[in-house]
$ cat my_file.pdb   # PDB, C-alpha atoms
ATOM      1  CA  MET A 878      57.748  -0.121  77.981  1.00  0.00           C
ATOM      2  CA  LYS A 879      56.711   3.077  76.195  1.00  0.00           C
ATOM      3  CA  ARG A 880      56.861   4.935  79.496  1.00  0.00           C
ATOM      4  CA  PHE A 881      60.422   3.669  80.037  1.00  0.00           C
ATOM      5  CA  HIS A 882      61.525   4.930  76.602  1.00  0.00           C
ATOM      6  CA  THR A 883      59.899   8.301  77.200  1.00  0.00           C
ATOM      7  CA  SER A 884      61.645   8.603  80.565  1.00  0.00           C
ATOM      8  CA  LEU A 885      64.959   7.654  78.988  1.00  0.00           C
ATOM      9  CA  VAL A 886      64.582  10.285  76.260  1.00  0.00           C
ATOM     10  CA  VAL A 887      63.681  12.969  78.817  1.00  0.00           C
ATOM     11  CA  LEU A 888      66.667  12.033  80.969  1.00  0.00           C
ATOM     12  CA  LEU A 889      68.977  12.149  77.943  1.00  0.00           C
ATOM     13  CA  CYS A 890      67.668  15.585  76.936  1.00  0.00           C
ATOM     14  CA  ILE A 891      68.148  16.967  80.441  1.00  0.00           C
ATOM     15  CA  THR A 892      71.683  15.575  80.575  1.00  0.00           C
ATOM     16  CA  LEU A 893      72.609  17.069  77.197  1.00  0.00           C
ATOM     17  CA  TYR A 894      71.057  20.425  78.112  1.00  0.00           C
ATOM     18  CA  THR A 895      72.920  20.571  81.436  1.00  0.00           C
ATOM     19  CA  HIS A 896      76.207  19.629  79.799  1.00  0.00           C
ATOM     20  CA  ALA A 897      75.719  22.213  77.044  1.00  0.00           C
ATOM     21  CA  GLN A 898      75.067  24.946  79.624  1.00  0.00           C
ATOM     22  CA  SER A 899      78.261  24.378  81.612  1.00  0.00           C
ATOM     23  CA  SER A 900      81.233  26.471  80.584  1.00  0.00           C
ATOM     24  CA  GLU A 901      84.653  24.979  79.955  1.00  0.00           C
ATOM     25  CA  VAL A 902      86.140  27.671  82.199  1.00  0.00           C
ATOM     26  CA  PHE A 903      84.820  28.907  85.555  1.00  0.00           C
ATOM     27  CA  THR A 904      83.345  32.330  84.820  1.00  0.00           C
ATOM     28  CA  THR A 905      81.481  35.018  86.734  1.00  0.00           C
ATOM     29  CA  HIS A 906      80.197  38.413  85.614  1.00  0.00           C
ATOM     30  CA  GLU A 907      83.820  39.559  86.023  1.00  0.00           C
ATOM     31  CA  GLY A 908      85.067  37.066  83.436  1.00  0.00           C
ATOM     32  CA  ALA A 909      87.163  33.909  83.554  1.00  0.00           C
ATOM     33  CA  ILE A 910      88.544  32.993  87.004  1.00  0.00           C
ATOM     34  CA  GLN A 911      86.616  35.891  88.563  1.00  0.00           C
ATOM     35  CA  GLY A 912      88.588  38.543  86.660  1.00  0.00           C
ATOM     36  CA  TYR A 913      91.959  37.647  88.182  1.00  0.00           C
ATOM     37  CA  ASP A 914      95.156  37.686  86.100  1.00  0.00           C
ATOM     38  CA  ALA A 915      96.076  34.034  85.423  1.00  0.00           C
ATOM     39  CA  VAL A 916      99.700  34.917  84.601  1.00  0.00           C
ATOM     40  CA  ALA A 917     100.239  36.805  87.875  1.00  0.00           C
ATOM     41  CA  TYR A 918      99.790  33.556  89.821  1.00  0.00           C
ATOM     42  CA  PHE A 919     103.029  32.389  88.202  1.00  0.00           C
ATOM     43  CA  THR A 920     104.991  35.644  87.940  1.00  0.00           C
ATOM     44  CA  GLU A 921     104.003  37.268  91.247  1.00  0.00           C
ATOM     45  CA  SER A 922     102.905  34.177  93.212  1.00  0.00           C
ATOM     46  CA  LYS A 923      99.687  35.875  94.279  1.00  0.00           C
ATOM     47  CA  ALA A 924      96.190  36.732  93.090  1.00  0.00           C
ATOM     48  CA  VAL A 925      96.122  40.023  91.182  1.00  0.00           C
ATOM     49  CA  LYS A 926      92.893  41.471  89.828  1.00  0.00           C
ATOM     50  CA  GLY A 927      92.960  42.049  86.071  1.00  0.00           C
ATOM     51  CA  SER A 928      92.013  45.258  84.310  1.00  0.00           C
ATOM     52  CA  LYS A 929      88.829  45.577  82.241  1.00  0.00           C
ATOM     53  CA  GLU A 930      90.932  47.397  79.640  1.00  0.00           C
ATOM     54  CA  LEU A 931      93.323  44.440  79.207  1.00  0.00           C
ATOM     55  CA  THR A 932      91.177  41.491  78.151  1.00  0.00           C
ATOM     56  CA  LEU A 933      91.500  38.574  75.776  1.00  0.00           C
ATOM     57  CA  MET A 934      88.956  36.010  74.571  1.00  0.00           C
ATOM     58  CA  TYR A 935      90.123  32.428  75.151  1.00  0.00           C
ATOM     59  CA  ALA A 936      88.073  29.212  75.401  1.00  0.00           C
ATOM     60  CA  GLY A 937      84.951  31.283  74.780  1.00  0.00           C
ATOM     61  CA  GLU A 938      85.484  33.477  77.849  1.00  0.00           C
ATOM     62  CA  SER A 939      86.929  36.906  78.601  1.00  0.00           C
ATOM     63  CA  TRP A 940      90.226  36.853  80.544  1.00  0.00           C
ATOM     64  CA  SER A 941      91.536  39.974  82.313  1.00  0.00           C
ATOM     65  CA  PHE A 942      95.173  40.878  82.912  1.00  0.00           C
ATOM     66  CA  ALA A 943      96.987  43.327  85.179  1.00  0.00           C
ATOM     67  CA  SER A 944      99.524  44.295  82.496  1.00  0.00           C
ATOM     68  CA  GLN A 945     100.030  44.159  78.741  1.00  0.00           C
ATOM     69  CA  GLU A 946     103.071  41.946  79.347  1.00  0.00           C
ATOM     70  CA  ASN A 947     100.916  39.368  81.158  1.00  0.00           C
ATOM     71  CA  LEU A 948      98.291  39.489  78.407  1.00  0.00           C
ATOM     72  CA  ASN A 949     101.013  38.838  75.797  1.00  0.00           C
ATOM     73  CA  LYS A 950     102.423  35.923  77.804  1.00  0.00           C
ATOM     74  CA  PHE A 951      98.978  34.352  78.080  1.00  0.00           C
ATOM     75  CA  LYS A 952      98.266  34.926  74.391  1.00  0.00           C
ATOM     76  CA  THR A 953     101.519  33.142  73.475  1.00  0.00           C
ATOM     77  CA  GLU A 954     101.051  30.133  75.799  1.00  0.00           C
ATOM     78  CA  PRO A 955      97.516  29.984  77.215  1.00  0.00           C
ATOM     79  CA  GLU A 956      97.835  26.301  78.201  1.00  0.00           C
ATOM     80  CA  LYS A 957     100.759  27.210  80.462  1.00  0.00           C
ATOM     81  CA  TYR A 958      98.776  29.808  82.429  1.00  0.00           C
ATOM     82  CA  ALA A 959      95.127  28.732  82.258  1.00  0.00           C
ATOM     83  CA  PRO A 960      94.078  26.864  85.411  1.00  0.00           C
ATOM     84  CA  GLN A 961      93.711  23.101  85.297  1.00  0.00           C
ATOM     85  CA  PHE A 962      90.143  21.837  85.090  1.00  0.00           C
ATOM     86  CA  GLY A 963      89.087  25.303  83.870  1.00  0.00           C
ATOM     87  CA  GLY A 964      89.321  26.737  87.379  1.00  0.00           C
ATOM     88  CA  TYR A 965      86.755  24.307  88.731  1.00  0.00           C
ATOM     89  CA  CYS A 966      87.363  22.333  91.929  1.00  0.00           C
ATOM     90  CA  ALA A 967      89.397  19.173  91.190  1.00  0.00           C
ATOM     91  CA  TYR A 968      87.401  17.139  93.712  1.00  0.00           C
ATOM     92  CA  GLY A 969      84.155  18.269  92.140  1.00  0.00           C
ATOM     93  CA  MET A 970      85.457  17.357  88.695  1.00  0.00           C
ATOM     94  CA  SER A 971      86.195  13.846  89.966  1.00  0.00           C
ATOM     95  CA  LYS A 972      82.539  13.627  90.997  1.00  0.00           C
ATOM     96  CA  VAL A 973      81.385  14.863  87.545  1.00  0.00           C
ATOM     97  CA  THR A 974      80.188  18.203  88.880  1.00  0.00           C
ATOM     98  CA  LYS A 975      81.745  21.625  88.568  1.00  0.00           C
ATOM     99  CA  PRO A 976      81.604  23.428  91.909  1.00  0.00           C
ATOM    100  CA  ARG A 977      83.150  26.866  91.787  1.00  0.00           C
ATOM    101  CA  LEU A 978      86.378  27.825  93.493  1.00  0.00           C
ATOM    102  CA  THR A 979      86.700  30.774  95.815  1.00  0.00           C
ATOM    103  CA  LEU A 980      89.882  32.660  95.014  1.00  0.00           C
ATOM    104  CA  LYS A 981      91.626  34.206  97.995  1.00  0.00           C
ATOM    105  CA  PRO A 982      94.220  36.947  97.571  1.00  0.00           C
ATOM    106  CA  GLY A 983      97.673  35.729  98.506  1.00  0.00           C
ATOM    107  CA  ARG A 984      96.840  32.057  97.963  1.00  0.00           C
ATOM    108  CA  LEU A 985      97.164  29.879  94.877  1.00  0.00           C
TER     109      LEU A 985
END

$ encode --input "my_file.pdb" --output "structure tokens"
Amino acid sequence: MKRFHTSLVVLLCITLYTHAQSSEVFTTHEGAIQGYDAVAYFTESKAVKGSKELTLMYAGESWSFASQENLNKFKTEPEKYAPQFGGYCAYGMSKVTKPRLTLKPGRL
């Protein structure tokens, strides 16, 4: 019985550690959503790389924008422009994992 309790505690610790290490938003070294401008998906209907000079911290991550106008729009209504599920794959989220998405220019 003691072995069972020890195993349960170890499993709980691993689960909490893994959950604590996962970010709310998909992020790479380029920032949230791989450094792409989240607003441009709506205003230009395509993937546009953001500028390192135009960044904003939101949900604990750095977001890049192609223009000051897009940064201001995001700052005003981040829920409108931030990707659902934090940019993680919806199927993966349904399976309680967070596989990363591969963004392709010209595709939403």

$ atom_distance --input "my_file.pdb" --atom1 "CA of Gly908 (chain A)" --atom2 "CA of Glu956 (chain A)"
17.5 Å

$ resolve_selection --input "my_file.pdb" --expression "the PyMOL selection byres ((chain A and resi 905) around 12)" --output "MDAnalysis selection string"
chainID A and resid 900 902:904 906:913 938:940 964 977:979

$ closest_residue --input "my_file.pdb" --among "A:Ala943, A:Ala967, A:Ala959, A:Ala936" --to "Ala917 (chain A)" --atoms "only C-alpha atoms"
A:Ala943

$ atom_distance --input "my_file.pdb" --atom1 "CA of Gln945 (chain A)" --atom2 "CA of Phe962 (chain A)"
25.2 Å

$ closest_residue --input "my_file.pdb" --among "A:Lys950, A:Lys957, A:Tyr968, A:Phe942" --to "Ala924 (chain A)" --atoms "all atoms listed in the file"
A:Phe942

$ closest_residue --input "my_file.pdb" --among "A:Glu901, A:Asp914, A:Val925, A:Pro960" --to "Asn947 (chain A)" --atoms "only C-alpha atoms"
A:Asp914

$ atom_distance --input "my_file.pdb" --atom1 "CA of Phe951 (chain A)" --atom2 "CA of Ala915 (chain A)"
7.9 Å

$ closest_residue --input "my_file.pdb" --among "A:Gly963, A:Lys923, A:Glu954, A:Asn949" --to "Gly937 (chain A)" --atoms "all atoms listed in the file"
A:Gly963

$ axis_aligned_box --input "my_file.pdb" --around "region 937-950 of chain A" --padding-each-side "6 Å" --output "lines of an AutoDock Vina configuration file"
center_x = 94.0
center_y = 37.8
center_z = 80.0
size_x = 30.1
size_y = 25.0
size_z = 22.4

$ closest_residue --input "my_file.pdb" --among "A:Lys929, A:Tyr935, A:Val916, A:Tyr965" --to "Leu948 (chain A)" --atoms "only C-alpha atoms"
A:Val916
